[in-house]
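The block underneath contains the structure these notes are about, expressed in structure tokens.
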Amino acid sequence: MHIEGKGSNQVMITGNVKSVDDSIKIKETINGVLARGNRSVDLHLVDSLSLTSTTIGYLMKLVNQDQVKLSVTVGDSRLYTLLEDLALLQKFNVRLLEP
């Protein structure tokens, strides 16, 4: 997995999110965005087909407890389906990037 901050509130992730280390990197990067005073995060998961439960839990905390406006763009329909099955499409403002 490769993660990169772009612009003031955009986080771009390429590769599959699959390890605890990946989750830690995501959390650190998003916390950096929020430390700059942003109250919204635009997360782009370019080609990951899954997310770790730790990452999903962290995103839930951001939205529910910290009142962060989250927008998630996914490039893989399998991840979109997973988030749909977990009833997170609206909560995370998920959209599928059409090929």
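Naming scheme: A, B, ... for chains in displayed order of the structure tokens; residues 1 onward per chain; ligands 1 onward as shown.
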
Got a sec: who's within 6 Å of A:Leu49, counting only C-alpha atoms, leaving out chain neighbours fewer than 3 positions off, as number ranges by chain?
-> A: 76, 78-79

Okay, now the selection with N, CA and C atoms, as a tab-separated table (two decimals), in the first residue's frame?
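What follows is the written file out_30.tsv:
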chain	number	residue	atom	x	y	z
A	76	ASP	N	-12.53	0.07	-6.90
A	76	ASP	CA	-12.79	-1.36	-7.06
A	76	ASP	C	-14.21	-1.67	-6.60
A	78	ARG	N	-15.51	-4.36	-5.71
A	78	ARG	CA	-15.58	-5.28	-4.56
A	78	ARG	C	-15.57	-4.52	-3.24
A	79	LEU	N	-14.77	-3.47	-3.16
A	79	LEU	CA	-14.76	-2.65	-1.95
A	79	LEU	C	-16.07	-1.89	-1.81

Would you mind telling me which residue in A:Tyr58, A:Val74, A:Ile24, A:Ser40 lies nearest to A:Met12 when using only C-alpha atoms?
-> A:Val74

Who sits within 12 Å of A:Asp21, only C-alpha atoms, same chain under 6 positions skipped, as a short mmCIF file (atom, residue, chain, number, x, y, z; two decimals) with all heavy atoms, in the first residue's frame:
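Output saved as around29.cif:
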data_model
loop_
_atom_site.label_atom_id
_atom_site.label_comp_id
_atom_site.auth_asym_id
_atom_site.auth_seq_id
_atom_site.Cartn_x
_atom_site.Cartn_y
_atom_site.Cartn_z
N MET A 1 0.84 -1.18 0.00
CA MET A 1 0.00 0.00 0.00
C MET A 1 0.88 1.24 0.00
O MET A 1 1.90 1.30 0.68
CB MET A 1 -0.88 0.01 1.25
CG MET A 1 -1.81 1.21 1.30
SD MET A 1 -2.49 1.57 2.93
CE MET A 1 -1.18 2.52 3.63
N HIS A 2 0.46 2.23 -0.76
CA HIS A 2 1.13 3.54 -0.79
C HIS A 2 0.09 4.59 -0.46
O HIS A 2 -1.02 4.57 -0.99
CB HIS A 2 1.73 3.80 -2.17
CG HIS A 2 2.33 5.16 -2.30
ND1 HIS A 2 3.54 5.49 -1.73
CD2 HIS A 2 1.88 6.28 -2.90
CE1 HIS A 2 3.81 6.75 -1.99
NE2 HIS A 2 2.82 7.25 -2.70
N ILE A 3 0.44 5.51 0.44
CA ILE A 3 -0.49 6.55 0.86
C ILE A 3 0.17 7.90 0.69
O ILE A 3 1.37 8.05 0.92
CB ILE A 3 -0.98 6.33 2.31
CG1 ILE A 3 -2.07 7.31 2.67
CG2 ILE A 3 0.18 6.41 3.28
CD1 ILE A 3 -2.83 6.94 3.93
N LYS A 27 -4.32 6.15 9.51
CA LYS A 27 -4.70 6.96 10.67
C LYS A 27 -3.77 8.15 10.82
O LYS A 27 -4.22 9.28 11.04
CB LYS A 27 -4.68 6.09 11.93
CG LYS A 27 -5.13 6.80 13.17
CD LYS A 27 -5.17 5.87 14.35
CE LYS A 27 -5.63 6.59 15.60
NZ LYS A 27 -5.68 5.71 16.76
N GLU A 28 -2.46 7.93 10.72
CA GLU A 28 -1.49 9.02 10.86
C GLU A 28 -1.68 10.08 9.77
O GLU A 28 -1.61 11.28 10.06
CB GLU A 28 -0.06 8.47 10.82
CG GLU A 28 0.33 7.68 12.05
CD GLU A 28 1.67 6.99 11.92
OE1 GLU A 28 2.22 6.89 10.80
OE2 GLU A 28 2.16 6.50 12.96
N THR A 52 -9.22 -2.96 6.30
CA THR A 52 -9.12 -3.69 7.56
C THR A 52 -10.23 -3.21 8.50
O THR A 52 -10.72 -2.09 8.39
CB THR A 52 -7.76 -3.46 8.25
OG1 THR A 52 -7.64 -2.07 8.56
CG2 THR A 52 -6.61 -3.91 7.36
N THR A 54 -9.85 -2.43 11.49
CA THR A 54 -9.28 -1.31 12.25
C THR A 54 -9.51 0.00 11.50
O THR A 54 -9.88 1.02 12.11
CB THR A 54 -7.77 -1.52 12.47
OG1 THR A 54 -7.57 -2.78 13.10
CG2 THR A 54 -7.17 -0.41 13.30
N THR A 55 -9.32 -0.01 10.20
CA THR A 55 -9.52 1.20 9.40
C THR A 55 -10.99 1.58 9.37
O THR A 55 -11.33 2.76 9.53
CB THR A 55 -8.99 0.99 7.96
OG1 THR A 55 -7.59 0.67 8.03
CG2 THR A 55 -9.19 2.22 7.11
#

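Every protein, DNA or RNA residue with an atom at most 10 Å from A:Gly5, where only C-alpha atoms count and chain neighbours fewer than 4 positions away do not, is listed here: A:Asn9, A:Gln10, A:Val11, A:Met12, A:Ile13, A:Thr29, A:Ile30, A:Gly32, A:Val33, A:Asp42, A:Leu43.
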
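Atom CA of A:Val46 lies 18.5 Å from atom CA of A:Ser8.
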
For stretch 92-97 of chain A: contacts at 6 Å, only C-alpha atoms, fewer than 3 positions along chain excluded, given as a PDB file with N, CA, C and O atoms, in the first residue's frame:
ATOM      1  N   LEU A  70     -16.685  12.962   5.874  1.00  0.00           N
ATOM      2  CA  LEU A  70     -15.864  12.029   5.116  1.00  0.00           C
ATOM      3  C   LEU A  70     -16.491  11.777   3.754  1.00  0.00           C
ATOM      4  O   LEU A  70     -17.699  11.569   3.649  1.00  0.00           O
ATOM      5  N   SER A  71     -15.653  11.807   2.724  1.00  0.00           N
ATOM      6  CA  SER A  71     -16.064  11.407   1.381  1.00  0.00           C
ATOM      7  C   SER A  71     -15.073  10.359   0.915  1.00  0.00           C
ATOM      8  O   SER A  71     -13.857  10.577   0.973  1.00  0.00           O
ATOM      9  N   VAL A  72     -15.588   9.216   0.478  1.00  0.00           N
ATOM     10  CA  VAL A  72     -14.735   8.113   0.061  1.00  0.00           C
ATOM     11  C   VAL A  72     -15.031   7.781  -1.396  1.00  0.00           C
ATOM     12  O   VAL A  72     -16.179   7.554  -1.769  1.00  0.00           O
ATOM     13  N   THR A  73     -13.980   7.762  -2.203  1.00  0.00           N
ATOM     14  CA  THR A  73     -14.089   7.332  -3.594  1.00  0.00           C
ATOM     15  C   THR A  73     -13.330   6.025  -3.730  1.00  0.00           C
ATOM     16  O   THR A  73     -12.168   5.946  -3.314  1.00  0.00           O
ATOM     17  N   VAL A  74     -13.998   5.002  -4.248  1.00  0.00           N
ATOM     18  CA  VAL A  74     -13.360   3.700  -4.418  1.00  0.00           C
ATOM     19  C   VAL A  74     -13.270   3.358  -5.904  1.00  0.00           C
ATOM     20  O   VAL A  74     -14.152   3.693  -6.680  1.00  0.00           O
ATOM     21  N   GLY A  75     -12.182   2.694  -6.261  1.00  0.00           N
ATOM     22  CA  GLY A  75     -11.975   2.316  -7.647  1.00  0.00           C
ATOM     23  C   GLY A  75     -12.274   0.856  -7.934  1.00  0.00           C
ATOM     24  O   GLY A  75     -12.280   0.435  -9.082  1.00  0.00           O
ATOM     25  N   LEU A  88     -22.518   1.246   4.927  1.00  0.00           N
ATOM     26  CA  LEU A  88     -21.679   2.421   5.164  1.00  0.00           C
ATOM     27  C   LEU A  88     -21.626   3.394   3.988  1.00  0.00           C
ATOM     28  O   LEU A  88     -20.918   4.392   4.049  1.00  0.00           O
ATOM     29  N   LEU A  89     -22.364   3.114   2.930  1.00  0.00           N
ATOM     30  CA  LEU A  89     -22.296   3.981   1.755  1.00  0.00           C
ATOM     31  C   LEU A  89     -22.686   5.419   2.076  1.00  0.00           C
ATOM     32  O   LEU A  89     -21.985   6.358   1.693  1.00  0.00           O
TER      33      LEU A  89
END

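Nearest to A:Val63 of all the residues A:Thr81, A:Lys91, A:Thr14, A:Gly37 is A:Lys91, based on only C-alpha atoms.
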
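Looking only at chain A, the set that DSSP places in strand (DSSP E or B) from backbone geometry is His2, Ile3, Glu4, Gly5, Lys6, Gln10, Val11, Met12, Ile13, Thr14, Ser40, Val41, Asp42, Leu43, His44, Leu45, Lys69, Leu70, Ser71, Val72, Thr73, Val74, Val94, Arg95 and Leu96 of chain A.
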
Output file for the residues above (C-alpha atoms, as an mmCIF file, in the first residue's frame):
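This is the output file out19.cif:
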data_model
loop_
_atom_site.group_PDB
_atom_site.id
_atom_site.type_symbol
_atom_site.label_atom_id
_atom_site.label_comp_id
_atom_site.auth_asym_id
_atom_site.auth_seq_id
_atom_site.Cartn_x
_atom_site.Cartn_y
_atom_site.Cartn_z
ATOM 1 C CA HIS A 2 1.128 3.536 -0.792
ATOM 2 C CA ILE A 3 -0.490 6.553 0.859
ATOM 3 C CA GLU A 4 -0.103 10.196 -0.024
ATOM 4 C CA GLY A 5 -1.691 13.441 1.080
ATOM 5 C CA LYS A 6 -2.784 15.701 -1.767
ATOM 6 C CA GLN A 10 -7.293 14.708 0.125
ATOM 7 C CA VAL A 11 -5.711 11.331 0.944
ATOM 8 C CA MET A 12 -4.831 9.017 -1.957
ATOM 9 C CA ILE A 13 -4.249 5.303 -1.323
ATOM 10 C CA THR A 14 -2.981 2.880 -3.959
ATOM 11 C CA SER A 40 -13.467 17.121 6.101
ATOM 12 C CA VAL A 41 -11.429 14.352 4.492
ATOM 13 C CA ASP A 42 -11.605 13.239 0.879
ATOM 14 C CA LEU A 43 -10.315 9.642 0.840
ATOM 15 C CA HIS A 44 -9.486 7.996 -2.494
ATOM 16 C CA LEU A 45 -8.979 4.223 -2.474
ATOM 17 C CA LYS A 69 -17.237 15.015 6.994
ATOM 18 C CA LEU A 70 -15.864 12.029 5.116
ATOM 19 C CA SER A 71 -16.064 11.407 1.381
ATOM 20 C CA VAL A 72 -14.735 8.113 0.061
ATOM 21 C CA THR A 73 -14.089 7.332 -3.594
ATOM 22 C CA VAL A 74 -13.360 3.700 -4.418
ATOM 23 C CA VAL A 94 -19.014 6.536 -0.860
ATOM 24 C CA ARG A 95 -18.958 6.710 -4.617
ATOM 25 C CA LEU A 96 -17.600 4.210 -7.092
#

Atomic distance atom CA of A:Leu82 - atom CA of A:Lys25, expressed in Å with one decimal | 21.4 Å

In chain A, DSSP helix (DSSP H, G or I) residues written as number ranges by chain | A: 20-35, 53-64, 77-85
